[in-house]
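K.L.:
Structure below; questions to follow.
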Amino acid sequence: MFHWLIDAQDSGGKEVVLWSVLAVLALGLLGGIVAWESHEIGQNNSVAFVNEPNQGRVVFANKGCTTCHGADGQGTPQGPVLRGKDSLSSLPKLVTAMWNHAPGMWRAIDQQKITPPEISYQEMGQIVSYLYFSRYAYDTGDPAKGAKVFRQRQCVRCHSIGDDGAQSAPELTAVLQFSTPIDATQKLWNHAAGMQTEMQRMKIEWPQFQPQEFADLLAYARSGQGQDRAEFPFPSSDPENGWLVFKQKGCIKCHTTGEGGLGLGTSFGATRPLPDTFAGFGSAMLNHFPAMQQSMQSNGQAMPVFKEGEMADLVGFIYSLHCVEPSGSPLVGASVFAWRGCAECHGPRALGTRKGPGLRGRGQFYTANRLATNLWGHGIRMYRQNAKMRLNWPTLEDSDVGNLLTFLNSPEH
């Protein structure tokens, strides 16, 4: 193929040219392999489809999960509290927690003679979305502490809550009493430019809220006359629409969804920490309003105004970027498969034995959600079979999940 180039050289140059061509081919092949590996890793380490957390809340109730875990996952004597748990903050942690606690769940189901409901892949995805968002949504505030924040941050000079405060600006109980932290953030954001102008006239510094301070302030505003209404409702959020809001409101001009930011912007990528609660996110948004306004004005951009529900969708989208499918090594996954005892029934290569079915080579692509769905659908039979065989239930570490999924998705040969 390259004879025309080689023939054009003398005998001493032929060897040099040949080795040069081979080097180019080798580099090209290596580049192709790296590109393929990067593509595969990119797919495995992609953002999971996180949507319909509110529908997941409905499914969670309709499937009877609230019988043991309580309304909105607040726990009962029969089952632990779910919401607010760190184990809900990522897919590997969530799936690992479900897997490791499965034996206790199956024992409770057997003792109470409950027939486990069928849960489809789509329904499990909705439940997982709900549980993931519940990690950040179910925040609480202290109205008594919020009253102090109301005065210390000088909100009291313009606003009132009940009979507390001035009357020159809207009374906040009526505005915020039914709000989630995200809804409250949207209302305050949309009026922030006017508030800043008035505060500058009154020589009041723009307030800087700590995350819990903002939650306490909202709890105080919701309480009106000091009644205990500390817990905020679950927000209605559509992360898919949030991506459209992210673009339409111009967020994408300064912020990225990767690991680098543009100008004064920051990244909302999966490795960048986000506030532990939606109230914390709201406080960060409001704290940075003056800097964002100055930056946007210098670039000739108008500050975005959010319509009803758009802020909740935007926040849902940003947090969904952290719900990432885990990736790993098929070689490590094969070892983990053996270490955890899975090979005892499914074989060392996960191709099946008389004790258990094959898992690889069945045309099924495994995801964290698929693992959770299969655990629910087949786990109780596995649990009972393990008990008959006197085998311990295999426990997983968070780091196992990506390696196991990669192994199960790898070719048979």
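In the structure tokens, the first chain shown is A, the next is B, and so on; residue numbers restart at 1 for each chain, and ligands run from 1 in the order shown.
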Using only C-alpha atoms, which residues sit within 7 Å of stretch 281-295 of chain A once same-chain residues fewer than 4 positions away are excluded, as an NGL selection string?

P.N.:
:A and (181-182 or 185 or 189 or 207-211 or 214 or 275 or 277 or 299 or 303)

K.L.:
Do you know which residues are at most 9 Å from A:Phe234 counting only C-alpha atoms, after dropping those on the same chain fewer than 3 positions away, and could you put them as a CSV table (one decimal) with N, CA and C atoms, in the first residue's frame?

P.N.:
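Written output follows (result.csv):
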```csv
chain,number,residue,atom,x,y,z
A,54,ASN,N,-41.7,13.9,41.4
A,54,ASN,CA,-43.0,14.0,42.0
A,54,ASN,C,-43.9,12.7,41.7
A,72,ASP,N,-43.7,10.1,53.0
A,72,ASP,CA,-42.5,10.9,52.6
A,72,ASP,C,-41.2,10.4,53.2
A,133,PHE,N,-34.0,13.0,45.2
A,133,PHE,CA,-34.4,14.4,45.5
A,133,PHE,C,-34.8,14.6,46.9
A,134,SER,N,-35.3,13.6,47.6
A,134,SER,CA,-35.7,13.7,49.0
A,134,SER,C,-34.5,13.9,49.9
A,137,ALA,N,-34.5,17.8,49.6
A,137,ALA,CA,-35.7,18.6,49.6
A,137,ALA,C,-36.3,18.7,51.0
A,138,TYR,N,-36.2,17.7,51.8
A,138,TYR,CA,-36.9,17.7,53.1
A,138,TYR,C,-36.0,18.4,54.2
A,180,THR,N,-42.0,26.3,49.1
A,180,THR,CA,-40.8,25.5,49.3
A,180,THR,C,-39.6,26.5,49.3
```

K.L.:
Rank A:Val401, A:Cys254, A:Met389, A:Ala312 by their smallest atom-to-atom distance to A:Ser90, using only C-alpha atoms, and report the top residue only.

P.N.:
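Checking each candidate against A:Ser90, we get A:Val401 as the closest.
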
K.L.:
Can you tell me, as a ChimeraX atom specification, what residues are no more than 12 Å from A:Ser223 when counting only C-alpha atoms, ignoring any on the same chain fewer than 5 positions away?

P.N.:
/A:141-147,161-162,172-179,216-218,228-232

K.L.:
Could you save the residues just selected, with N, CA and C atoms, as an mmCIF file, in the first residue's frame?

P.N.:
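Generated file (result15.cif):
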```
data_model
loop_
_atom_site.group_PDB
_atom_site.id
_atom_site.type_symbol
_atom_site.label_atom_id
_atom_site.label_comp_id
_atom_site.auth_asym_id
_atom_site.auth_seq_id
_atom_site.Cartn_x
_atom_site.Cartn_y
_atom_site.Cartn_z
ATOM 1 N N GLY A 141 -36.517 24.107 59.322
ATOM 2 C CA GLY A 141 -36.018 25.352 59.887
ATOM 3 C C GLY A 141 -36.583 25.567 61.274
ATOM 4 N N ASP A 142 -35.958 26.446 62.010
ATOM 5 C CA ASP A 142 -36.362 26.773 63.375
ATOM 6 C C ASP A 142 -36.958 28.176 63.373
ATOM 7 N N PRO A 143 -38.283 28.313 63.567
ATOM 8 C CA PRO A 143 -38.908 29.640 63.521
ATOM 9 C C PRO A 143 -38.319 30.617 64.535
ATOM 10 N N ALA A 144 -37.972 30.127 65.732
ATOM 11 C CA ALA A 144 -37.414 31.019 66.751
ATOM 12 C C ALA A 144 -36.064 31.589 66.289
ATOM 13 N N LYS A 145 -35.224 30.736 65.721
ATOM 14 C CA LYS A 145 -33.953 31.221 65.188
ATOM 15 C C LYS A 145 -34.177 32.108 63.972
ATOM 16 N N GLY A 146 -35.206 31.781 63.196
ATOM 17 C CA GLY A 146 -35.527 32.596 62.026
ATOM 18 C C GLY A 146 -35.921 34.007 62.399
ATOM 19 N N ALA A 147 -36.573 34.173 63.547
ATOM 20 C CA ALA A 147 -36.937 35.510 64.013
ATOM 21 C C ALA A 147 -35.688 36.349 64.267
ATOM 22 N N ILE A 161 -43.422 40.169 59.495
ATOM 23 C CA ILE A 161 -43.947 38.811 59.592
ATOM 24 C C ILE A 161 -44.919 38.833 60.759
ATOM 25 N N GLY A 162 -46.185 38.731 60.454
ATOM 26 C CA GLY A 162 -47.188 38.953 61.488
ATOM 27 C C GLY A 162 -47.138 40.407 61.926
ATOM 28 N N LEU A 172 -44.389 39.100 54.817
ATOM 29 C CA LEU A 172 -43.799 37.899 54.237
ATOM 30 C C LEU A 172 -44.579 36.620 54.514
ATOM 31 N N THR A 173 -45.399 36.596 55.557
ATOM 32 C CA THR A 173 -46.148 35.373 55.833
ATOM 33 C C THR A 173 -47.055 35.025 54.670
ATOM 34 N N ALA A 174 -47.766 36.019 54.160
ATOM 35 C CA ALA A 174 -48.685 35.783 53.047
ATOM 36 C C ALA A 174 -47.940 35.376 51.783
ATOM 37 N N VAL A 175 -46.712 35.876 51.632
ATOM 38 C CA VAL A 175 -45.933 35.599 50.423
ATOM 39 C C VAL A 175 -45.296 34.218 50.461
ATOM 40 N N LEU A 176 -44.799 33.815 51.644
ATOM 41 C CA LEU A 176 -43.942 32.633 51.730
ATOM 42 C C LEU A 176 -44.531 31.465 52.503
ATOM 43 N N GLN A 177 -45.723 31.579 53.057
ATOM 44 C CA GLN A 177 -46.193 30.561 53.989
ATOM 45 C C GLN A 177 -46.387 29.191 53.359
ATOM 46 N N PHE A 178 -46.688 29.120 52.074
ATOM 47 C CA PHE A 178 -46.881 27.821 51.439
ATOM 48 C C PHE A 178 -45.715 27.459 50.515
ATOM 49 N N SER A 179 -44.627 28.195 50.611
ATOM 50 C CA SER A 179 -43.519 28.033 49.676
ATOM 51 C C SER A 179 -42.542 26.953 50.105
ATOM 52 N N ASP A 216 -34.120 28.770 58.425
ATOM 53 C CA ASP A 216 -34.773 29.273 59.641
ATOM 54 C C ASP A 216 -35.642 30.484 59.336
ATOM 55 N N LEU A 217 -35.141 31.366 58.478
ATOM 56 C CA LEU A 217 -35.922 32.548 58.106
ATOM 57 C C LEU A 217 -37.219 32.156 57.413
ATOM 58 N N LEU A 218 -37.135 31.198 56.492
ATOM 59 C CA LEU A 218 -38.338 30.743 55.793
ATOM 60 C C LEU A 218 -39.303 30.062 56.754
ATOM 61 N N ASP A 228 -45.691 26.083 64.807
ATOM 62 C CA ASP A 228 -44.663 25.166 64.349
ATOM 63 C C ASP A 228 -45.005 24.634 62.961
ATOM 64 N N ARG A 229 -44.414 25.239 61.950
ATOM 65 C CA ARG A 229 -44.580 24.772 60.569
ATOM 66 C C ARG A 229 -43.189 24.736 59.939
ATOM 67 N N ALA A 230 -42.304 24.024 60.620
ATOM 68 C CA ALA A 230 -40.893 24.099 60.269
ATOM 69 C C ALA A 230 -40.540 23.335 58.997
ATOM 70 N N GLU A 231 -41.236 22.237 58.716
ATOM 71 C CA GLU A 231 -40.844 21.413 57.574
ATOM 72 C C GLU A 231 -41.461 21.935 56.287
ATOM 73 N N PHE A 232 -40.630 21.958 55.237
ATOM 74 C CA PHE A 232 -41.089 22.483 53.959
ATOM 75 C C PHE A 232 -41.669 21.377 53.095
#
```

K.L.:
Please return, as a ChimeraX atom specification, all residues of stretch 267-306 of chain A that DSSP assigns to alpha helix (DSSP H) on the basis of the backbone.

P.N.:
/A:278-287,289-298

K.L.:
Could the residues in this selection be written to a file with C-alpha atoms, as a PDB file, in the first residue's frame?

P.N.:
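Done, and the output landed in again23.pdb:
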```pdb
ATOM      1  CA  PHE A 278     -32.359  23.175  48.449  1.00  0.00           C
ATOM      2  CA  ALA A 279     -32.523  25.908  51.102  1.00  0.00           C
ATOM      3  CA  GLY A 280     -28.725  25.995  50.946  1.00  0.00           C
ATOM      4  CA  PHE A 281     -28.865  26.357  47.171  1.00  0.00           C
ATOM      5  CA  GLY A 282     -31.377  29.194  47.558  1.00  0.00           C
ATOM      6  CA  SER A 283     -29.165  31.047  50.014  1.00  0.00           C
ATOM      7  CA  ALA A 284     -26.198  30.702  47.627  1.00  0.00           C
ATOM      8  CA  MET A 285     -28.272  32.097  44.742  1.00  0.00           C
ATOM      9  CA  LEU A 286     -29.400  35.128  46.749  1.00  0.00           C
ATOM     10  CA  ASN A 287     -25.973  35.747  48.296  1.00  0.00           C
ATOM     11  CA  PHE A 289     -27.173  38.143  43.293  1.00  0.00           C
ATOM     12  CA  PRO A 290     -25.230  41.456  43.370  1.00  0.00           C
ATOM     13  CA  ALA A 291     -22.117  39.883  41.806  1.00  0.00           C
ATOM     14  CA  MET A 292     -24.192  38.099  39.152  1.00  0.00           C
ATOM     15  CA  GLN A 293     -26.110  41.276  38.354  1.00  0.00           C
ATOM     16  CA  GLN A 294     -22.891  43.278  37.964  1.00  0.00           C
ATOM     17  CA  SER A 295     -21.371  40.610  35.733  1.00  0.00           C
ATOM     18  CA  MET A 296     -24.427  40.352  33.513  1.00  0.00           C
ATOM     19  CA  GLN A 297     -24.814  44.123  33.219  1.00  0.00           C
ATOM     20  CA  SER A 298     -21.159  44.459  32.173  1.00  0.00           C
TER      21      SER A 298
END
```

K.L.:
Select from stretch 147-338 of chain A everything DSSP, run on the backbone, classes as strand (DSSP E), then give the selection as number ranges by chain.

P.N.:
A: 160-161, 164-165

K.L.:
Kindly give the distance, in Å, that separates atom CA of A:Glu171 and atom CA of A:His191, rounded to a single decimal.

P.N.:
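Distance reported for this atom pair: 13.9 Å.
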
K.L.:
As an exercise, work out the distance from atom CA of A:Trp99 to atom CA of A:Ala372 in Å and give it to one decimal place.

P.N.:
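Rounded to one decimal, the two atoms are 7.7 Å apart.
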
K.L.:
Determine, for each residue of stretch 297-335 of chain A having at least one atom at most 6 Å from an atom of stretch 407-410 of chain A, the closest pair of atoms and their separation in Å to one decimal, counting only C-alpha atoms; order by chain and ascending number, as a tab-separated table.

P.N.:
```
residue	atom	partner	partner_atom	distance
A:Pro330	CA	A:Phe407	CA	3.9
A:Gly333	CA	A:Phe407	CA	5.0
A:Ala334	CA	A:Phe407	CA	5.9
```

K.L.:
Next, write the just-selected residues to a file, as a compact mmCIF listing (two decimals), in the first residue's frame, keeping C-alpha atoms as the atom set.

P.N.:
```txt
# COMPACT_ATOMS: atom_id res chain seq x y z
CA PRO A 330 -14.74 -5.39 34.11
CA GLY A 333 -15.95 -6.36 38.61
CA ALA A 334 -15.30 -10.04 37.95
```
